[in-house]
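Written out below as structure tokens is the structure these notes cover.
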Amino acid sequence: MTAVLFLAQRATAFVLALAVAIHLGTILYATRGGLTAADILARTHSNGAFALFYGLFVLAVAIHAPIGLRNILREWTSWHGRSLDVALSLFSLLLFVLGLRAVIAVYSA
């Protein structure tokens, strides 16, 4: 793994650790407070902080997951080289686009 990929995965791991903790805390707060899905959507609608937080969450996942998957595939299979990098770059783009669509859908709901 190159130094850039190593640093990118470690940096996104830090972001994801914080984001997952905040996300789970928010879920616990919402469910214990008896909020319904409609209540949650009402609070997230047009909430810029929500969109920014989850947008960063999606970006971190789209960077972190393909790097880890690349390492696993390189160690466990004979798939190496440019084709692997291109395939995982497309996977990263797919994760980013689908995740961002979800953020926009909830933000716009």
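Residues are named by chain letter and number: chains run A, B, ... in the order of the structure tokens, numbers start at 1 in each chain, and ligands are numbered from 1 in the order shown.
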
Tell me which protein, DNA and RNA residues are within 10 Å of Ala109 in chain A, counting only C-alpha atoms, leaving out same-chain ones fewer than 4 positions away, and put them as a list in words.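 Skipping anything fewer than 4 positions along the chain leaves Ala38, Leu41, Ala42, Thr44, His45, Ser46, Val103, Ile104 and Ala105 of chain A.
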
Restricting the output to N, CA and C atoms, write the selected residues as a CSV table (one decimal), in the first residue's frame.
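Wrote it out as selection-v2.csv, contents follow:
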```csv
chain,number,residue,atom,x,y,z
A,38,ALA,N,-41.3,10.2,11.3
A,38,ALA,CA,-41.8,11.6,10.8
A,38,ALA,C,-41.1,12.7,11.6
A,41,LEU,N,-37.5,13.0,10.4
A,41,LEU,CA,-37.4,13.7,9.1
A,41,LEU,C,-37.7,15.2,9.2
A,42,ALA,N,-38.6,15.5,10.1
A,42,ALA,CA,-39.0,16.9,10.3
A,42,ALA,C,-37.8,17.7,10.9
A,44,THR,N,-34.5,16.8,10.4
A,44,THR,CA,-33.4,16.8,9.5
A,44,THR,C,-33.7,17.6,8.2
A,45,HIS,N,-35.0,17.9,7.9
A,45,HIS,CA,-35.4,18.6,6.7
A,45,HIS,C,-34.7,20.0,6.7
A,46,SER,N,-34.0,20.3,5.7
A,46,SER,CA,-33.3,21.6,5.5
A,46,SER,C,-32.3,21.9,6.6
A,103,VAL,N,-28.3,11.3,1.6
A,103,VAL,CA,-28.2,12.5,2.4
A,103,VAL,C,-29.1,13.5,1.8
A,104,ILE,N,-29.1,13.7,0.5
A,104,ILE,CA,-29.9,14.7,-0.2
A,104,ILE,C,-31.4,14.4,0.0
A,105,ALA,N,-31.8,13.1,-0.1
A,105,ALA,CA,-33.2,12.7,0.0
A,105,ALA,C,-33.7,13.0,1.4
```

Pick out the closest residue to Leu18 in chain A from this set: A:Ile72, A:Ala60, A:Val86, A:Leu95. Count only C-alpha atoms.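 Among the listed residues, the smallest separation from Leu18 in chain A belongs to A:Ala60.
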
Distance CA of Ser108 in chain A-CA of Phe50 in chain A, one decimal place?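 Separation of CA of Ser108 in chain A and CA of Phe50 in chain A: 11.2 Å.
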
With a distance cut-off of 7 Å and only C-alpha atoms, select the neighbouring residues of range 4-16 of chain A, excluding the residue or stretch itself and same-chain residues fewer than 2 positions from it, and output the selection as an NGL selection string. :A and (1-2 or 18-20 or 57 or 60 or 64 or 67)

Separation of CA of Tyr107 in chain A from CA of Leu24 in chain A, in Å and rounded to one decimal: 18.7 Å
